[in-house]
Structure formats: structure tokens, C-alpha cells
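This is structure22.tsv (TSV, C-alpha atoms).
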```
chain	number	residue	atom	x	y	z
A	1	MET	CA	-46.70	-181.26	84.01
A	2	SER	CA	-46.76	-178.80	86.90
A	3	ASN	CA	-50.09	-178.10	88.63
A	4	ASP	CA	-49.54	-174.44	87.77
A	5	VAL	CA	-49.54	-175.16	84.01
A	6	MET	CA	-53.12	-174.69	82.82
A	7	ILE	CA	-52.52	-174.86	79.04
A	8	ALA	CA	-49.75	-177.01	77.57
A	9	ALA	CA	-49.46	-177.33	73.80
A	10	SER	CA	-46.91	-179.86	72.56
A	11	GLU	CA	-45.79	-179.81	68.91
A	12	LEU	CA	-49.28	-179.08	67.56
A	13	SER	CA	-49.47	-179.39	63.77
A	14	LYS	CA	-52.38	-178.98	61.37
A	15	VAL	CA	-52.30	-179.56	57.62
A	16	TYR	CA	-55.00	-178.59	55.12
A	17	GLY	CA	-54.19	-180.25	51.81
A	18	THR	CA	-50.74	-178.84	50.98
A	19	PHE	CA	-51.10	-175.89	53.37
A	20	ARG	CA	-49.45	-176.34	56.77
A	21	ALA	CA	-51.43	-174.07	59.09
A	22	LEU	CA	-49.51	-175.14	62.22
A	23	ASP	CA	-45.99	-176.54	62.37
A	24	LYS	CA	-45.08	-178.09	65.75
A	25	VAL	CA	-46.38	-175.28	67.96
A	26	SER	CA	-45.44	-175.66	71.64
A	27	PHE	CA	-46.08	-173.34	74.59
A	28	GLU	CA	-47.36	-173.27	78.17
A	29	VAL	CA	-49.66	-170.89	80.02
A	30	ARG	CA	-49.63	-170.93	83.81
A	31	ARG	CA	-52.34	-170.35	86.36
A	32	GLY	CA	-53.30	-166.67	86.68
A	33	GLU	CA	-51.56	-165.53	83.48
A	34	VAL	CA	-53.18	-163.29	80.86
A	35	VAL	CA	-51.26	-164.11	77.68
A	36	GLY	CA	-51.58	-162.46	74.29
A	37	PHE	CA	-51.45	-164.86	71.33
A	38	LEU	CA	-50.22	-162.69	68.48
A	39	GLY	CA	-49.83	-163.15	64.77
A	40	PRO	CA	-50.90	-161.74	61.40
A	41	ASN	CA	-53.98	-163.05	59.60
A	42	GLY	CA	-53.37	-166.63	58.51
A	43	ALA	CA	-50.55	-167.27	60.98
A	44	GLY	CA	-52.43	-170.09	62.72
A	45	LYS	CA	-53.98	-168.34	65.72
A	46	SER	CA	-57.56	-169.48	65.14
A	47	THR	CA	-56.46	-172.99	64.24
A	48	THR	CA	-54.65	-173.23	67.57
A	49	MET	CA	-57.72	-171.93	69.40
A	50	ARG	CA	-59.97	-174.48	67.71
A	51	ILE	CA	-57.64	-177.32	68.66
A	52	LEU	CA	-57.36	-176.21	72.28
A	53	THR	CA	-61.15	-175.93	72.56
A	54	CYS	CA	-61.69	-179.36	70.95
A	55	PHE	CA	-63.46	-178.01	67.86
A	56	ILE	CA	-60.97	-179.70	65.54
A	57	ALA	CA	-58.24	-182.30	65.98
A	58	PRO	CA	-54.59	-181.61	65.23
A	59	THR	CA	-52.77	-183.50	62.50
A	60	GLY	CA	-49.94	-184.07	64.96
A	61	GLY	CA	-49.00	-183.29	68.55
A	62	THR	CA	-51.31	-182.88	71.52
A	63	ALA	CA	-52.40	-180.46	74.23
A	64	ARG	CA	-53.52	-180.56	77.84
A	65	LEU	CA	-55.79	-178.06	79.61
A	66	ASN	CA	-55.84	-178.12	83.40
A	67	GLY	CA	-54.05	-181.46	83.18
A	68	LEU	CA	-56.66	-182.99	80.83
A	69	ASP	CA	-55.76	-184.34	77.40
A	70	ILE	CA	-57.77	-182.95	74.47
A	71	PHE	CA	-58.04	-186.46	72.95
A	72	ASP	CA	-58.66	-188.61	76.03
A	73	SER	CA	-60.81	-186.16	78.02
A	74	SER	CA	-62.49	-183.92	75.46
A	75	LEU	CA	-65.70	-183.31	77.46
A	76	GLU	CA	-63.81	-182.63	80.67
A	77	VAL	CA	-61.57	-180.17	78.83
A	78	ARG	CA	-64.64	-178.24	77.62
A	79	GLN	CA	-66.02	-178.16	81.15
A	80	ASN	CA	-62.82	-176.44	82.29
A	81	LEU	CA	-62.79	-173.64	79.76
A	82	GLY	CA	-64.82	-170.75	78.47
A	83	TYR	CA	-64.52	-169.93	74.78
A	84	LEU	CA	-65.40	-166.76	72.90
A	85	PRO	CA	-64.75	-167.07	69.14
A	86	GLN	CA	-64.13	-164.10	66.88
A	87	ARG	CA	-67.84	-163.59	66.30
A	88	ALA	CA	-69.92	-164.78	69.22
A	89	PRO	CA	-72.48	-167.43	68.16
A	90	LEU	CA	-75.66	-165.91	69.60
A	91	TYR	CA	-79.37	-166.66	69.20
A	92	THR	CA	-80.50	-163.14	68.50
A	93	GLU	CA	-84.23	-163.86	69.05
A	94	LEU	CA	-83.55	-164.64	72.72
A	95	SER	CA	-83.25	-162.05	75.46
A	96	VAL	CA	-79.91	-161.74	77.20
A	97	PHE	CA	-81.28	-163.53	80.27
A	98	GLU	CA	-82.80	-166.34	78.17
A	99	TYR	CA	-79.56	-166.86	76.29
A	100	LEU	CA	-77.50	-167.04	79.48
A	101	ARG	CA	-80.00	-169.52	80.90
A	102	PHE	CA	-79.68	-171.59	77.73
A	103	ALA	CA	-75.85	-171.50	77.94
A	104	ALA	CA	-76.04	-172.54	81.59
A	105	SER	CA	-78.33	-175.47	80.75
A	106	LEU	CA	-75.78	-176.69	78.19
A	107	ARG	CA	-73.25	-176.60	81.03
A	108	GLN	CA	-75.71	-178.59	83.18
A	109	LEU	CA	-75.98	-175.87	85.80
A	110	GLY	CA	-78.98	-176.05	88.12
A	111	TYR	CA	-81.26	-173.02	88.36
A	112	SER	CA	-80.02	-171.86	91.76
A	113	THR	CA	-76.38	-172.17	90.63
A	114	PHE	CA	-77.21	-170.34	87.42
A	115	MET	CA	-78.81	-167.44	89.30
A	116	LYS	CA	-75.72	-167.04	91.49
A	117	ARG	CA	-73.39	-167.15	88.52
A	118	ALA	CA	-75.63	-164.88	86.42
A	119	LYS	CA	-75.51	-162.20	89.12
A	120	THR	CA	-71.71	-162.24	88.98
A	121	VAL	CA	-71.26	-162.29	85.18
A	122	VAL	CA	-73.95	-159.66	84.61
A	123	GLU	CA	-72.10	-157.34	86.96
A	124	VAL	CA	-68.66	-158.10	85.53
A	125	CYS	CA	-69.80	-157.77	81.91
A	126	GLY	CA	-72.02	-154.74	82.45
A	127	LEU	CA	-75.26	-156.33	81.23
A	128	ALA	CA	-77.70	-155.24	83.93
A	129	GLN	CA	-79.32	-152.56	81.72
A	130	VAL	CA	-80.00	-154.95	78.82
A	131	LEU	CA	-80.84	-158.20	80.62
A	132	GLY	CA	-84.43	-158.25	79.33
A	133	LYS	CA	-83.67	-157.06	75.80
A	134	GLU	CA	-83.53	-159.34	72.78
A	135	ILE	CA	-79.95	-159.82	71.56
A	136	ARG	CA	-80.93	-158.59	68.09
A	137	GLN	CA	-81.53	-155.14	69.60
A	138	LEU	CA	-78.02	-154.86	71.03
A	139	SER	CA	-74.96	-153.12	69.60
A	140	HIS	CA	-71.87	-155.09	68.61
A	141	GLY	CA	-70.25	-154.10	71.88
A	142	TYR	CA	-73.08	-155.46	74.00
A	143	ARG	CA	-73.26	-158.62	71.92
A	144	GLN	CA	-69.61	-159.26	72.66
A	145	ARG	CA	-70.35	-158.72	76.35
A	146	VAL	CA	-73.08	-161.35	76.09
A	147	GLY	CA	-70.60	-163.69	74.38
A	148	LEU	CA	-68.12	-163.14	77.19
A	149	ALA	CA	-70.84	-163.73	79.78
A	150	GLN	CA	-71.74	-167.13	78.28
A	151	ALA	CA	-68.07	-168.08	78.36
A	152	LEU	CA	-67.96	-167.22	82.08
A	153	ILE	CA	-71.34	-168.54	83.21
A	154	HIS	CA	-69.92	-171.85	84.50
A	155	ASP	CA	-66.94	-170.16	86.23
A	156	PRO	CA	-64.20	-171.88	84.18
A	157	PRO	CA	-60.55	-171.73	85.32
A	158	ILE	CA	-59.44	-171.17	81.69
A	159	LEU	CA	-60.73	-168.54	79.28
A	160	ILE	CA	-59.85	-168.56	75.56
A	161	LEU	CA	-60.75	-165.49	73.51
A	162	ASP	CA	-60.27	-165.38	69.75
A	163	GLU	CA	-60.24	-161.82	68.32
A	164	PRO	CA	-62.93	-160.70	70.79
A	165	THR	CA	-62.76	-156.99	69.88
A	166	SER	CA	-62.60	-157.25	66.08
A	167	ASP	CA	-66.04	-155.66	65.53
A	168	LEU	CA	-65.94	-153.10	68.34
A	169	ASP	CA	-65.44	-149.35	68.16
A	170	PRO	CA	-62.61	-147.75	70.22
A	171	ASN	CA	-64.83	-147.02	73.23
A	172	GLU	CA	-66.26	-150.53	73.24
A	173	LYS	CA	-62.75	-151.99	72.96
A	174	ALA	CA	-61.56	-149.99	75.96
A	175	GLU	CA	-64.53	-151.19	78.04
A	176	PHE	CA	-64.01	-154.80	76.96
A	177	LEU	CA	-60.34	-154.68	77.96
A	178	ASP	CA	-61.31	-153.30	81.35
A	179	TYR	CA	-63.60	-156.31	81.82
A	180	LEU	CA	-60.80	-158.60	80.70
A	181	LYS	CA	-58.41	-157.21	83.32
A	182	GLN	CA	-60.98	-157.86	86.04
A	183	ILE	CA	-61.61	-161.39	84.81
A	184	GLY	CA	-57.90	-162.20	84.49
A	185	ARG	CA	-57.24	-161.67	88.18
A	186	ASP	CA	-58.45	-165.13	89.16
A	187	ARG	CA	-58.26	-167.31	86.05
A	188	THR	CA	-55.99	-168.17	83.10
A	189	VAL	CA	-56.67	-166.18	79.92
A	190	LEU	CA	-55.35	-166.78	76.40
A	191	LEU	CA	-56.18	-163.80	74.18
A	192	SER	CA	-55.72	-164.37	70.45
A	193	THR	CA	-55.35	-161.10	68.53
A	194	HIS	CA	-53.25	-159.10	66.09
A	195	ASN	CA	-54.02	-155.83	67.91
A	196	LEU	CA	-50.78	-155.00	69.73
A	197	GLY	CA	-52.39	-152.24	71.77
A	198	GLU	CA	-54.78	-154.76	73.34
A	199	VAL	CA	-51.89	-156.97	74.37
A	200	GLU	CA	-49.96	-154.09	75.92
A	201	ALA	CA	-53.09	-152.95	77.78
A	202	ALA	CA	-54.22	-156.31	79.15
A	203	CYS	CA	-51.39	-158.87	79.00
A	204	GLY	CA	-48.15	-159.41	80.85
A	205	ARG	CA	-46.79	-161.92	78.35
A	206	ALA	CA	-47.07	-162.57	74.63
A	207	ILE	CA	-46.62	-165.50	72.27
A	208	ILE	CA	-46.03	-164.51	68.64
A	209	VAL	CA	-46.73	-167.00	65.85
A	210	SER	CA	-45.60	-166.64	62.27
A	211	ARG	CA	-46.12	-169.09	59.41
A	212	GLY	CA	-47.59	-171.62	61.83
A	213	ARG	CA	-44.65	-171.51	64.24
A	214	VAL	CA	-43.90	-169.83	67.56
A	215	VAL	CA	-41.25	-167.18	66.87
A	216	ALA	CA	-41.30	-165.35	70.23
A	217	ASP	CA	-42.53	-166.19	73.73
A	218	GLY	CA	-41.90	-164.13	76.86
A	219	SER	CA	-42.76	-161.04	78.85
A	220	LEU	CA	-43.49	-157.92	76.83
A	221	GLY	CA	-40.23	-156.37	78.06
A	222	ASP	CA	-38.22	-159.42	76.98
A	223	ILE	CA	-39.82	-159.46	73.54
A	224	ARG	CA	-39.26	-155.73	73.00
A	225	GLY	CA	-35.59	-156.15	73.85
A	226	ARG	CA	-34.94	-159.30	71.82
A	227	SER	CA	-33.11	-157.36	69.08
A	228	GLY	CA	-30.78	-155.75	71.63
A	229	LYS	CA	-31.13	-152.37	69.92
A	230	VAL	CA	-32.55	-148.98	70.88
A	231	ARG	CA	-33.25	-145.83	68.90
A	232	TYR	CA	-32.39	-142.22	69.66
A	233	THR	CA	-34.23	-139.28	68.16
A	234	LEU	CA	-31.98	-136.24	67.89
A	235	THR	CA	-33.20	-132.84	66.67
A	236	ILE	CA	-30.88	-129.86	66.33
A	237	GLU	CA	-31.19	-126.37	64.91
A	238	ASP	CA	-28.71	-124.31	62.94
A	239	PRO	CA	-29.72	-120.63	63.28
A	240	LYS	CA	-27.27	-119.59	60.58
A	241	GLY	CA	-28.49	-122.21	58.13
A	242	GLU	CA	-24.92	-123.18	57.20
A	243	LEU	CA	-24.92	-126.74	58.55
A	244	ARG	CA	-25.16	-129.67	56.13
A	245	ALA	CA	-27.09	-132.80	57.06
A	246	SER	CA	-24.28	-134.97	55.74
A	247	ASP	CA	-21.83	-133.36	58.19
A	248	VAL	CA	-24.17	-134.04	61.12
A	249	SER	CA	-24.72	-137.64	60.02
A	250	GLU	CA	-21.00	-138.22	59.72
A	251	ALA	CA	-20.35	-136.77	63.19
A	252	LEU	CA	-23.11	-138.88	64.77
A	253	ALA	CA	-21.90	-142.05	63.07
A	254	ALA	CA	-18.45	-141.48	64.54
A	255	VAL	CA	-19.78	-141.74	68.12
A	256	ALA	CA	-18.67	-145.03	69.67
A	257	GLY	CA	-21.55	-147.54	69.81
A	258	VAL	CA	-23.67	-145.98	67.05
A	259	SER	CA	-24.86	-148.53	64.47
A	260	THR	CA	-26.81	-146.44	61.97
A	261	VAL	CA	-27.85	-142.84	61.39
A	262	GLU	CA	-30.86	-141.83	59.30
A	263	GLN	CA	-32.12	-138.32	58.64
A	264	GLN	CA	-35.83	-137.78	59.38
A	265	PRO	CA	-38.27	-135.22	57.95
A	266	SER	CA	-38.02	-131.83	59.69
A	267	GLN	CA	-39.23	-128.26	59.32
A	268	GLY	CA	-37.52	-124.89	59.07
A	269	LYS	CA	-33.89	-124.74	60.12
A	270	SER	CA	-34.11	-127.83	62.32
A	271	MET	CA	-32.69	-131.25	61.42
A	272	SER	CA	-33.86	-134.56	62.88
A	273	PHE	CA	-31.96	-137.84	62.92
A	274	GLU	CA	-32.71	-141.35	64.09
A	275	VAL	CA	-29.71	-143.06	65.62
A	276	SER	CA	-29.71	-146.79	66.40
A	277	ALA	CA	-27.29	-148.45	68.79
A	278	ALA	CA	-26.83	-151.51	70.96
A	279	GLU	CA	-29.00	-151.60	74.06
A	280	GLU	CA	-26.17	-152.18	76.54
A	281	ASN	CA	-25.09	-148.54	76.80
A	282	ASP	CA	-27.06	-145.31	77.01
A	283	LEU	CA	-25.53	-142.97	74.42
A	284	ARG	CA	-27.41	-139.82	75.43
A	285	PRO	CA	-24.41	-138.37	77.36
A	286	GLN	CA	-22.10	-138.86	74.36
A	287	LEU	CA	-24.64	-137.47	71.89
A	288	SER	CA	-25.41	-134.39	73.97
A	289	GLN	CA	-21.69	-133.78	74.50
A	290	LEU	CA	-21.12	-133.95	70.73
A	291	VAL	CA	-23.85	-131.36	70.14
A	292	LEU	CA	-22.29	-129.09	72.76
A	293	GLN	CA	-18.80	-129.43	71.29
A	294	LYS	CA	-20.05	-128.66	67.78
A	295	GLY	CA	-21.97	-125.61	68.95
A	296	TRP	CA	-25.28	-126.91	67.64
A	297	MET	CA	-28.58	-126.03	69.30
A	298	LEU	CA	-30.19	-129.15	70.81
A	299	LEU	CA	-33.99	-129.17	70.49
A	300	GLU	CA	-34.68	-132.82	71.32
A	301	LEU	CA	-32.83	-135.95	72.43
A	302	ARG	CA	-35.02	-138.99	73.15
A	303	ARG	CA	-34.18	-142.63	73.76
A	304	ASP	CA	-36.78	-145.14	72.56
A	305	ALA	CA	-36.62	-148.85	73.25
A	306	GLN	CA	-37.84	-151.04	70.43
A	307	THR	CA	-41.63	-151.21	70.44
A	308	LEU	CA	-43.71	-154.37	70.40
A	309	GLU	CA	-44.90	-153.36	66.93
A	310	ASP	CA	-41.27	-153.18	65.71
A	311	VAL	CA	-40.60	-156.73	66.89
A	312	PHE	CA	-43.92	-158.00	65.53
A	313	ARG	CA	-43.24	-156.57	62.08
A	314	ALA	CA	-39.68	-157.90	62.03
A	315	LEU	CA	-40.81	-161.41	62.98
A	316	THR	CA	-43.86	-161.67	60.73
A	317	VAL	CA	-42.94	-159.65	57.64
A	318	GLY	CA	-44.13	-161.36	54.47
A	319	ASP	CA	-46.61	-163.64	56.25
A	320	ALA	CA	-49.79	-162.33	54.63
A	321	ARG	CA	-48.35	-162.59	51.11
A	322	ARG	CA	-47.05	-166.11	51.77
A	323	ASN	CA	-50.29	-167.35	53.30
A	324	ARG	CA	-52.43	-166.01	50.45
A	325	SER	CA	-50.23	-167.81	47.96
A	326	LEU	CA	-50.19	-171.10	49.88
A	327	LYS	CA	-53.92	-171.11	50.58
A	328	ALA	CA	-54.69	-170.39	46.93
A	329	SER	CA	-52.66	-173.40	45.87
A	330	ALA	CA	-54.20	-175.57	48.61
A	331	ALA	CA	-57.79	-174.62	47.74
A	332	ASP	CA	-57.94	-177.08	44.84
A	333	ASP	CA	-56.76	-179.90	47.11
A	334	ASP	CA	-59.19	-179.37	49.99
A	335	ASP	CA	-62.00	-176.85	49.53
A	336	ASP	CA	-63.75	-177.88	52.75
A	337	ASP	CA	-60.83	-177.25	55.12
A	338	ASP	CA	-59.92	-173.64	54.49
A	339	GLU	CA	-57.90	-172.10	57.32
A	340	ASP	CA	-58.66	-168.40	57.48
A	341	ASP	CA	-58.20	-166.34	60.62
A	342	ASP	CA	-60.25	-163.54	59.08
A	343	ASP	CA	-63.40	-165.67	58.96
A	344	ASP	CA	-63.78	-167.60	62.16
A	345	THR	CA	-67.52	-167.64	62.63
A	346	ALA	CA	-68.65	-170.59	64.71
A	347	ALA	CA	-72.24	-171.80	64.46
A	348	PRO	CA	-74.30	-171.79	67.66
A	349	PRO	CA	-74.76	-175.11	69.42
A	350	ALA	CA	-77.90	-176.99	68.53
A	351	ARG	CA	-80.91	-176.11	70.64
A	352	ALA	CA	-83.08	-178.77	72.14
```

Same coordinates, now as C-alpha cells:
Amino acid sequence: MSNDVMIAASELSKVYGTFRALDKVSFEVRRGEVVGFLGPNGAGKSTTMRILTCFIAPTGGTARLNGLDIFDSSLEVRQNLGYLPQRAPLYTELSVFEYLRFAASLRQLGYSTFMKRAKTVVEVCGLAQVLGKEIRQLSHGYRQRVGLAQALIHDPPILILDEPTSDLDPNEKAEFLDYLKQIGRDRTVLLSTHNLGEVEAACGRAIIVSRGRVVADGSLGDIRGRSGKVRYTLTIEDPKGELRASDVSEALAAVAGVSTVEQQPSQGKSMSFEVSAAEENDLRPQLSQLVLQKGWMLLELRRDAQTLEDVFRALTVGDARRNRSLKASAADDDDDDDEDDDDDTAAPPARA
């Protein structure tokens, strides 16, 4: 494995009764990458996170973090990563400072080292104003900042975040993503989420899982273009009101390279159409020339590449329905091992 590969998952599998949560998942994350780990609820995101962070063992396969095997070097793996689960496990009766000191003691940091690290994480996570407050007095947004701070207190080279913004309002999410961009400049970050906007805002690469398998892995641009299709939005107006939508659709479909034509809702005398075509050629010159030749009035002509949401939906359609059915049938076999990405609350570590 290359020294630049910080996370390497190899054919990870996890089975709960008759429900296969993971099915030979393999991927790599290199040094300095901020990677979005995408998938619908129940796709296996949280299971993968738990395996990588040594909370549970896989049924098959293995993984290495910073060159360390999760089986052979479990403690060393944990020393090399910071982990923020979906709902941060916090002791709410402690002040922010006391909790960070407690987290640092678990990491066996001396007091002087802790104070140096605390100064950095408090600044990065924006906690200076609440350092002396009890955690129970904080908003969800500030609690997540505290959770992120504990994951960073020992300056790990790898950061794993599992749905870190699920309970935040839009303003808190925007602030959290700003912190994430700062943090990602000098460490490896794996961000598990099903919020596509977060991935586009903070990540340069995405891994999409569906039904426990990796179905897409690459830069956001590569994933958006994996279908090889683009869409054109065309809006015209017929001042005389004599033009029929069927005639326009037929004329558009006759343009070389056009795959499909669909009429869209419009108002007044205007007509809107969505035209799909192969990505290789830009059809805007041909479409505008057609409008000119027909004597139509062109109000809009826009070319849209396929969005990340389009690809996500195409790759994961039917997942939620399938997972609900499979988990319902598996519940009778193994009530204690229920895989549910919607409920990933980890208990706090035991206090001395």
C-alpha cells in the first residue's frame, strides 16, 4: 500500500442475520483528501464507519488506516483517527473545557500538550465564547462543534465524520462546513452523509454506496458525467398563439444528436421543453438555428450537465424500500444487531 493511502478498505462485508449490510466494499482515501461517503439511509454508511473506527468487526474483508490493520493494530488505529458519530456522545454536565480535558486524558495527552492543542481546536471550532459553559446549555450547533473538537484534540491525521450536520439548522450547517474546509487542508477526511449539498461544498471526491456496495467512486465531475448525457432547457414564445407543442417537439426531436424531448410546465404563450442528448457535442448552435429558421421567439436556451443529485437518485433508487423489507425480515433472526443509519447514537466512553 502506498504511503499516500491513509484509508484502504478491502472487500468489507457485514451480515446481520439474513441482512447483508455490506457486500465486499473496497475503496481508498489518500493523504489530504476530503471525500464524501454518500448513500441513502440503510445503504451501509454507518456500518462502514463503525468498522473503520474499530467499533465493530467486519464479517469478511479488512481495512488499514495509515498503514495499520484494524484487526492487528486496533489501538494504534484509534490513535491515528478522530471520530465524530452522527450524534456526538457528550457528558452534558461537564463544561466544554472539562470535556475536552477528559477527551485528552483518554488520549493520554499531558497537560501542557493538551493546552497547546486546546488553543488550536477552540479557535478552529469557534468555542472560545462557550469554553466555561456546561454542554447542556449549548445549542445543537455548538454541541457538534464540541464533538468535532474532541475528535481533533489529539491532532489525528485521519478524521471520520458520520452525519455530523444531521441535527443542525442551515446556518449551523454552513458554519460547520466552513470549519471542515479548514480542517481538511492538512489531514484526511471521510465525511459520511446523504446531503449532496454538503459534499459539493466541502469535498473534491465522492464514494456512493447502494445496497451495501460501492456503485460510484471518483471526482464530482467524473460522477456527474458518468451517464454521458446533458440536458437543454428551451423556452420559446408564439405571439400569435398558433403553434402546437407537438409540432415543436417533433422539430426538436429531428435535430441530430437529440435523445428525448419532454414538454415542461409553462405560462402564457410560452412553451418550455427539456431536451436530452449525448454529452460529446454541444447542441445549442443547432437548437438556436432551428428556432431562427422556424421563426419562433427564443426566450431561453440553457445547457445543464447532469447534477450529482441526478446520478445519486439513478444509482440508489429503490434502496430505502428494499432495506426496510430486508431489515424487517432479519429482525426475527437477530434483534440485537440492527443496522440502521438513521439511529447511530454511540454511548460515551466510560469515565474513570

Neighbours of point (-70.2, -163.4, 80.7) within 10 Å, using only C-alpha atoms, written as a PDB file with C-alpha atoms, in the coordinates of the input:
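And here is the file that came out, result_10.pdb:
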```pdb
ATOM      1  CA  GLY A  82     -64.820-170.750  78.470  1.00  0.00           C
ATOM      2  CA  LEU A  84     -65.400-166.760  72.900  1.00  0.00           C
ATOM      3  CA  LEU A 100     -77.500-167.040  79.480  1.00  0.00           C
ATOM      4  CA  ARG A 117     -73.390-167.150  88.520  1.00  0.00           C
ATOM      5  CA  ALA A 118     -75.630-164.880  86.420  1.00  0.00           C
ATOM      6  CA  THR A 120     -71.710-162.240  88.980  1.00  0.00           C
ATOM      7  CA  VAL A 121     -71.260-162.290  85.180  1.00  0.00           C
ATOM      8  CA  VAL A 122     -73.950-159.660  84.610  1.00  0.00           C
ATOM      9  CA  GLU A 123     -72.100-157.340  86.960  1.00  0.00           C
ATOM     10  CA  VAL A 124     -68.660-158.100  85.530  1.00  0.00           C
ATOM     11  CA  CYS A 125     -69.800-157.770  81.910  1.00  0.00           C
ATOM     12  CA  GLY A 126     -72.020-154.740  82.450  1.00  0.00           C
ATOM     13  CA  LEU A 127     -75.260-156.330  81.230  1.00  0.00           C
ATOM     14  CA  GLN A 144     -69.610-159.260  72.660  1.00  0.00           C
ATOM     15  CA  ARG A 145     -70.350-158.720  76.350  1.00  0.00           C
ATOM     16  CA  VAL A 146     -73.080-161.350  76.090  1.00  0.00           C
ATOM     17  CA  GLY A 147     -70.600-163.690  74.380  1.00  0.00           C
ATOM     18  CA  LEU A 148     -68.120-163.140  77.190  1.00  0.00           C
ATOM     19  CA  ALA A 149     -70.840-163.730  79.780  1.00  0.00           C
ATOM     20  CA  GLN A 150     -71.740-167.130  78.280  1.00  0.00           C
ATOM     21  CA  ALA A 151     -68.070-168.080  78.360  1.00  0.00           C
ATOM     22  CA  LEU A 152     -67.960-167.220  82.080  1.00  0.00           C
ATOM     23  CA  ILE A 153     -71.340-168.540  83.210  1.00  0.00           C
ATOM     24  CA  HIS A 154     -69.920-171.850  84.500  1.00  0.00           C
ATOM     25  CA  ASP A 155     -66.940-170.160  86.230  1.00  0.00           C
ATOM     26  CA  TYR A 179     -63.600-156.310  81.820  1.00  0.00           C
ATOM     27  CA  ILE A 183     -61.610-161.390  84.810  1.00  0.00           C
TER      28      ILE A 183
END
```

Between atom CA of Ala314 of chain A and atom CA of Val230 of chain A, distance in Å (one decimal):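 So the answer is 14.4 Å.
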
Close residues, Ser246 of chain A itself excluded, 12 Å, only C-alpha atoms, min 6 positions apart in chain, as a PyMOL selection string: chain A and resi 252-253+261-263+271-273

Mind working out the centre and edge lengths of an axis-aligned box for segment 47-60 of chain A, all listed atoms inside, 3 Å added to each side, rounded to one decimal in Å and written as JSON?
```
{"center_x": -56.7, "center_y": -178.0, "center_z": 67.5, "size_x": 19.5, "size_y": 18.1, "size_z": 16.1}
```

Segment 163-167 of chain A surroundings by only C-alpha atoms, 6 Å radius, close-in-sequence under 6 positions cut, as an MDAnalysis selection string: chainID A and resid 86 173 192:193

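Closest approach to Thr62 of chain A among A:Val96, A:Leu299, A:Leu12, A:Val35: A:Leu12, based on only C-alpha atoms.
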
Nearest residue to Ser13 of chain A from the set A:Ser105, A:Thr53, A:Ser26, A:Thr59 (distances using all atoms listed in the file):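 Checking each of A:Ser105, A:Thr53, A:Ser26, A:Thr59 against Ser13 of chain A, counting all atoms listed in the file, the winner is A:Thr59.
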
Shortest interatomic distance to Pro85 of chain A - which of A:Leu315, A:Ile160, A:Leu138, A:Ile236, counting only C-alpha atoms: A:Ile160

Using only C-alpha atoms: which of A:Pro157, A:Pro239, A:Glu33, A:Thr47 has the shortest distance to Cys203 of chain A: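 Looking at the shortest contact to Cys203 of chain A, the residue is A:Glu33.
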
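Taking atom CA of Gly257 of chain A and atom CA of Leu301 of chain A as endpoints, the distance between them is 16.4 Å.
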